Structure formats: structure tokens, C-alpha cells
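Student: Okay, handing you the structure first.
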Amino acid sequence: MTASSNPPTNAESVAGFDHTIPLAVEALERRARDVESVAGAGDDAAVVKAYAAARFFIVQVDVDMRVLLRAMAASPAARVTTEKLLALVLRESIEGVYRVLGDLQRTARTQEGQFAGFLDVDALTAAQSTYKAAVRDIADDRAFTETLTQIRNEVAAHMFSDEVGIESAAAWVVSRSVMPKTDDAMFNSLIFSRSIQVLRALHALDEGLAAIRRM
């Protein structure tokens, strides 16, 4: 979508997600089986395990984001729930994805034994760099990432605990209650627009990681 183009209607967005979500879930199930299949492998298979884990995590974030974006488009009035959960997943698209890519990078640089040539390290580095460049404006926006972390810690992950009072959850509901409930209101949500940005970057990253395997 370009800045000058009109955004899709909510119905068009829902239809698009209805097409892609089942495909993404199928991919996620395959990735989960890949993780299980190498769970008992020896230490020399560390790079294979890290590769399976990274690809699973990336597709998991992708699926969660697609499902929540669809829900936000299908029911603007449900923004009080969908937006806080999107914040949770969006934070993982930076913090979590960076972490699994870093783990994969470190493991790939110590490939040994029968899996010494399992991954193309240079291609991995390129895919990692491309993803970071695609989401750098989000990762570098300290105020925004701190807001995501606050939503995650005080609203989405811990609605009520010894550390987090019910006031945080109440404040979130009040803040969302004044937001417009019209179909196009979601396009004014920074969490929504940046989730779309990340979704595209995740898709490119998954394709990039698919191409780095040499064995």
C-alpha cells in the first residue's frame, strides 16, 4: 500500500486474511513438527534445532498477528481487546524475533560434525539484516516500544497480579472507549499500521530463511 492509495475496506481486509490465515496455520503446524522431530537429536545437531526453532517462532508471530489483525478489521468495536493483544505480539516481533535470530546466528557460526554445512551463514546474516532494516524505525522508537512493553506487562500479560493493580486494565479500557468505532478507525492506530509493516517483514524473513539451508 502506498501513501497515496486508498486503504482496503474492512471487508476486503477480512477476505484477504481469510485466504492467508489457513495457509499460515498449515505452515505453523509443519514448523511445529520440525521442532518435535529434532528435539531428541544430539549436540552436533544444535544448528538444526536452532533453525527449526527460529522458523517456528517467526511463523507463530506471523499467525498471531494475522488472526488479531483480521479480528480488528472484522469488529472495530472489539478494539479494546484486539489492540492490546496486537501490542503483545508486536513487541515479540522485535524482542523475540531478534532473540531467535541471534541464537541462530551464534549456532550457525559453530556448525560442526555432520551438520557443519547446514546453513549458509552469509545468507543468514543478509536475511537478518534485511529484517532489522525493515523494522528499524519501530525498534528505534523508544517511546513506542516502551508503550508496547507497558501494555504487555500491565494490561495484556498481567491483567491483575500482586505487581499490577486493576487500575492499569481499567485505564486501558477507558483510553480505548474514546476511540472511534468506525470501520476505518483502525487505520489511525499506530499499533495496527506497524503490525502490517511487521507482517510484511516477517513474510520476507521466512522466505529468506527458507533459502539459507544447504543440506
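In the C-alpha cells, the first chain shown is A, the next is B, and so on; residue numbers restart at 1 for each chain, and ligands run from 1 in the order shown.
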So that I can check the surroundings of stretch 6-21 of chain A, please list as number ranges by chain every protein, DNA and RNA residue that reaches within 9 Å of it, counting only C-alpha atoms and ignoring chain neighbours fewer than 5 positions away.

Tutor: A: 1, 26, 63, 66-67, 69-75, 183-184, 187

Student: I'd like a table as JSON lines: residues in stretch 126-171 of chain A with an atom no more than 8 Å from stretch 76-97 of chain A, each row giving the shortest atom pair and its distance in Å to one decimal, only C-alpha atoms counted, sorted by chain and rising residue number.

Tutor:
{"residue": "A:Val135", "atom": "CA", "partner": "A:Ile94", "partner_atom": "CA", "distance": 7.8}
{"residue": "A:Ala139", "atom": "CA", "partner": "A:Ile94", "partner_atom": "CA", "distance": 6.6}
{"residue": "A:Thr145", "atom": "CA", "partner": "A:Arg91", "partner_atom": "CA", "distance": 7.2}
{"residue": "A:Leu148", "atom": "CA", "partner": "A:Ala87", "partner_atom": "CA", "distance": 5.5}
{"residue": "A:Thr149", "atom": "CA", "partner": "A:Arg91", "partner_atom": "CA", "distance": 6.8}
{"residue": "A:Ile151", "atom": "CA", "partner": "A:Lys84", "partner_atom": "CA", "distance": 6.6}
{"residue": "A:Arg152", "atom": "CA", "partner": "A:Leu88", "partner_atom": "CA", "distance": 5.1}
{"residue": "A:Val155", "atom": "CA", "partner": "A:Lys84", "partner_atom": "CA", "distance": 7.2}
{"residue": "A:Ala156", "atom": "CA", "partner": "A:Lys84", "partner_atom": "CA", "distance": 5.9}
{"residue": "A:Ala157", "atom": "CA", "partner": "A:Leu88", "partner_atom": "CA", "distance": 7.7}

Student: Keeping only C-alpha atoms, write those residues as a CSV table (one decimal), in the first residue's frame.

Tutor:
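What landed in result.csv:
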chain,number,residue,atom,x,y,z
A,135,VAL,CA,11.5,-2.8,11.3
A,139,ALA,CA,12.8,-0.8,17.2
A,145,THR,CA,8.5,0.3,22.3
A,148,LEU,CA,4.3,-1.7,24.0
A,149,THR,CA,6.2,-3.1,26.9
A,151,ILE,CA,0.8,-2.7,27.6
A,152,ARG,CA,2.3,-6.1,27.6
A,155,VAL,CA,-2.6,-4.9,30.5
A,156,ALA,CA,-2.1,-7.9,28.2
A,157,ALA,CA,0.1,-10.4,30.0

Student: What separation in Å, quoted to one decimal, exists between atom CA of A:Ser37 and atom CA of A:Tyr131?

Tutor: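 Atom CA of A:Tyr131 lies at a distance of 27.2 Å from atom CA of A:Ser37.
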
Student: So that I can check the surroundings of stretch 118-121 of chain A, please list as a PyMOL selection string every protein, DNA and RNA residue that reaches within 10 Å of it, counting only C-alpha atoms and ignoring chain neighbours fewer than 2 positions away.

Tutor: chain A and resi 45+47-48+51+104-109+111-112+114-116+123-127+209+211-215

Student: Keeping only N, CA, C and O atoms, write the selected residues as an mmCIF file, in the first residue's frame.

Tutor:
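Everything below was put into again15.cif:
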data_model
loop_
_atom_site.group_PDB
_atom_site.id
_atom_site.type_symbol
_atom_site.label_atom_id
_atom_site.label_comp_id
_atom_site.auth_asym_id
_atom_site.auth_seq_id
_atom_site.Cartn_x
_atom_site.Cartn_y
_atom_site.Cartn_z
ATOM 1 N N ALA A 45 23.659 -31.560 16.379
ATOM 2 C CA ALA A 45 22.509 -31.067 15.620
ATOM 3 C C ALA A 45 21.995 -29.735 16.167
ATOM 4 O O ALA A 45 20.873 -29.328 15.862
ATOM 5 N N VAL A 47 22.572 -26.699 15.417
ATOM 6 C CA VAL A 47 22.192 -25.728 14.391
ATOM 7 C C VAL A 47 20.858 -26.094 13.763
ATOM 8 O O VAL A 47 20.059 -25.219 13.412
ATOM 9 N N VAL A 48 20.576 -27.387 13.635
ATOM 10 C CA VAL A 48 19.301 -27.840 13.085
ATOM 11 C C VAL A 48 18.170 -27.472 14.047
ATOM 12 O O VAL A 48 17.101 -27.006 13.633
ATOM 13 N N TYR A 51 17.596 -23.703 13.940
ATOM 14 C CA TYR A 51 16.931 -23.341 12.685
ATOM 15 C C TYR A 51 15.443 -23.659 12.761
ATOM 16 O O TYR A 51 14.595 -22.827 12.409
ATOM 17 N N LEU A 104 20.212 -18.227 16.434
ATOM 18 C CA LEU A 104 20.505 -18.971 15.213
ATOM 19 C C LEU A 104 21.851 -18.542 14.634
ATOM 20 O O LEU A 104 22.643 -19.382 14.174
ATOM 21 N N GLN A 105 22.132 -17.260 14.660
ATOM 22 C CA GLN A 105 23.398 -16.748 14.130
ATOM 23 C C GLN A 105 24.584 -17.328 14.911
ATOM 24 O O GLN A 105 25.575 -17.795 14.317
ATOM 25 N N ARG A 106 24.490 -17.319 16.228
ATOM 26 C CA ARG A 106 25.579 -17.846 17.046
ATOM 27 C C ARG A 106 25.782 -19.343 16.811
ATOM 28 O O ARG A 106 26.913 -19.826 16.716
ATOM 29 N N THR A 107 24.681 -20.071 16.707
ATOM 30 C CA THR A 107 24.776 -21.515 16.485
ATOM 31 C C THR A 107 25.311 -21.822 15.092
ATOM 32 O O THR A 107 26.111 -22.748 14.907
ATOM 33 N N ALA A 108 24.878 -21.048 14.105
ATOM 34 C CA ALA A 108 25.330 -21.271 12.731
ATOM 35 C C ALA A 108 26.827 -21.056 12.595
ATOM 36 O O ALA A 108 27.485 -21.699 11.762
ATOM 37 N N ARG A 109 27.383 -20.179 13.403
ATOM 38 C CA ARG A 109 28.823 -19.901 13.316
ATOM 39 C C ARG A 109 29.668 -20.970 14.004
ATOM 40 O O ARG A 109 30.894 -20.931 13.933
ATOM 41 N N GLN A 111 28.737 -24.377 13.554
ATOM 42 C CA GLN A 111 28.272 -25.632 12.967
ATOM 43 C C GLN A 111 29.419 -26.638 12.954
ATOM 44 O O GLN A 111 30.555 -26.282 12.608
ATOM 45 N N GLU A 112 29.104 -27.868 13.307
ATOM 46 C CA GLU A 112 30.163 -28.874 13.369
ATOM 47 C C GLU A 112 29.612 -30.253 13.048
ATOM 48 O O GLU A 112 28.402 -30.454 12.971
ATOM 49 N N GLN A 114 28.434 -33.604 11.312
ATOM 50 C CA GLN A 114 27.704 -33.894 10.081
ATOM 51 C C GLN A 114 26.868 -32.719 9.598
ATOM 52 O O GLN A 114 26.419 -32.699 8.453
ATOM 53 N N PHE A 115 26.645 -31.719 10.463
ATOM 54 C CA PHE A 115 25.851 -30.556 10.078
ATOM 55 C C PHE A 115 26.708 -29.298 9.918
ATOM 56 O O PHE A 115 26.206 -28.174 10.000
ATOM 57 N N ALA A 116 27.978 -29.493 9.650
ATOM 58 C CA ALA A 116 28.900 -28.358 9.542
ATOM 59 C C ALA A 116 28.520 -27.400 8.421
ATOM 60 O O ALA A 116 28.814 -26.204 8.502
ATOM 61 N N ALA A 123 24.206 -15.823 3.972
ATOM 62 C CA ALA A 123 22.809 -15.612 3.585
ATOM 63 C C ALA A 123 21.943 -15.365 4.813
ATOM 64 O O ALA A 123 21.000 -14.564 4.778
ATOM 65 N N LEU A 124 22.263 -16.042 5.912
ATOM 66 C CA LEU A 124 21.549 -15.811 7.167
ATOM 67 C C LEU A 124 21.760 -14.381 7.637
ATOM 68 O O LEU A 124 20.810 -13.698 8.038
ATOM 69 N N THR A 125 23.002 -13.934 7.595
ATOM 70 C CA THR A 125 23.309 -12.565 8.014
ATOM 71 C C THR A 125 22.559 -11.555 7.163
ATOM 72 O O THR A 125 22.030 -10.563 7.679
ATOM 73 N N ALA A 126 22.471 -11.827 5.866
ATOM 74 C CA ALA A 126 21.752 -10.925 4.967
ATOM 75 C C ALA A 126 20.259 -10.894 5.294
ATOM 76 O O ALA A 126 19.639 -9.816 5.332
ATOM 77 N N ALA A 127 19.665 -12.049 5.554
ATOM 78 C CA ALA A 127 18.243 -12.112 5.893
ATOM 79 C C ALA A 127 17.963 -11.409 7.219
ATOM 80 O O ALA A 127 16.967 -10.688 7.367
ATOM 81 N N LEU A 209 14.880 -17.187 5.196
ATOM 82 C CA LEU A 209 15.419 -18.297 5.961
ATOM 83 C C LEU A 209 15.235 -19.627 5.234
ATOM 84 O O LEU A 209 16.043 -20.547 5.388
ATOM 85 N N ALA A 211 15.730 -20.088 2.256
ATOM 86 C CA ALA A 211 16.761 -20.182 1.201
ATOM 87 C C ALA A 211 18.172 -20.367 1.742
ATOM 88 O O ALA A 211 19.107 -20.561 0.960
ATOM 89 N N ILE A 212 18.355 -20.331 3.075
ATOM 90 C CA ILE A 212 19.722 -20.401 3.610
ATOM 91 C C ILE A 212 20.170 -21.815 3.923
ATOM 92 O O ILE A 212 21.339 -22.056 4.186
ATOM 93 N N ARG A 213 19.232 -22.756 3.877
ATOM 94 C CA ARG A 213 19.570 -24.137 4.193
ATOM 95 C C ARG A 213 20.306 -24.791 3.026
ATOM 96 O O ARG A 213 19.853 -24.735 1.894
ATOM 97 N N ARG A 214 21.442 -25.434 3.310
ATOM 98 C CA ARG A 214 22.253 -26.036 2.249
ATOM 99 C C ARG A 214 22.257 -27.574 2.307
ATOM 100 O O ARG A 214 22.786 -28.211 1.420
ATOM 101 N N MET A 215 21.658 -28.132 3.347
ATOM 102 C CA MET A 215 21.630 -29.599 3.465
ATOM 103 C C MET A 215 20.195 -30.073 3.676
ATOM 104 O O MET A 215 19.388 -29.358 4.232
#

Student: Excluding A:Leu205 and its own-chain neighbours fewer than 2 positions away, which residues fall within 8 Å of it when counting only C-alpha atoms? Please give them as a list in words.

Tutor: Ala127, Gln128, Thr130, Tyr131, Ala201, Leu202, His203, Glu207, Gly208 and Leu209 of chain A

Student: Let me see the file: selected residues, C-alpha atoms, as a PDB file, in the first residue's frame.

Tutor:
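So the final result, stored in result35.pdb, reads:
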ATOM      1  CA  ALA A 127      18.243 -12.112   5.893  1.00  0.00           C
ATOM      2  CA  GLN A 128      18.740 -10.957   9.480  1.00  0.00           C
ATOM      3  CA  THR A 130      17.079  -7.145   5.899  1.00  0.00           C
ATOM      4  CA  TYR A 131      14.549  -7.837   8.636  1.00  0.00           C
ATOM      5  CA  ALA A 201       8.825  -8.067   7.041  1.00  0.00           C
ATOM      6  CA  LEU A 202       8.103 -11.428   8.686  1.00  0.00           C
ATOM      7  CA  HIS A 203       6.929 -12.877   5.379  1.00  0.00           C
ATOM      8  CA  GLU A 207      11.270 -16.702   2.688  1.00  0.00           C
ATOM      9  CA  GLY A 208      14.853 -15.619   3.331  1.00  0.00           C
ATOM     10  CA  LEU A 209      15.419 -18.297   5.961  1.00  0.00           C
TER      11      LEU A 209
END

Student: Quick one: of A:Ala53, A:Glu154, A:Leu28, A:Val198, who's nearest to A:Trp172, counting only C-alpha atoms?

Tutor: A:Glu154

Student: Which value, in Å to one decimal, gives the distance between atom CA of A:Arg31 and atom CA of A:Ile138?

Tutor: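 Spanning atom CA of A:Arg31 to atom CA of A:Ile138 is a straight-line distance of 26.9 Å.
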
Student: Write out as a PyMOL selection string the set of residues from chain A that DSSP, computed on the backbone, places in helix (DSSP H, G or I).

Tutor: chain A and resi 10-37+43-74+76-108+113-115+121-139+142-156+166-177+183-188+190-210

Student: Taking only C-alpha atoms into account, name the residue in A:Gln150, A:Gly113, A:Met65, A:Phe56 that is nearest to A:Asp43.

Tutor: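 Of A:Gln150, A:Gly113, A:Met65, A:Phe56, the one nearest A:Asp43 is A:Gly113, counting only C-alpha atoms.
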
Student: Using Å and a single decimal, report how far atom CA of A:Val59 sits from atom CA of A:Asp206.

Tutor: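 One can read the atom CA of A:Asp206 to atom CA of A:Val59 distance as 7.4 Å.
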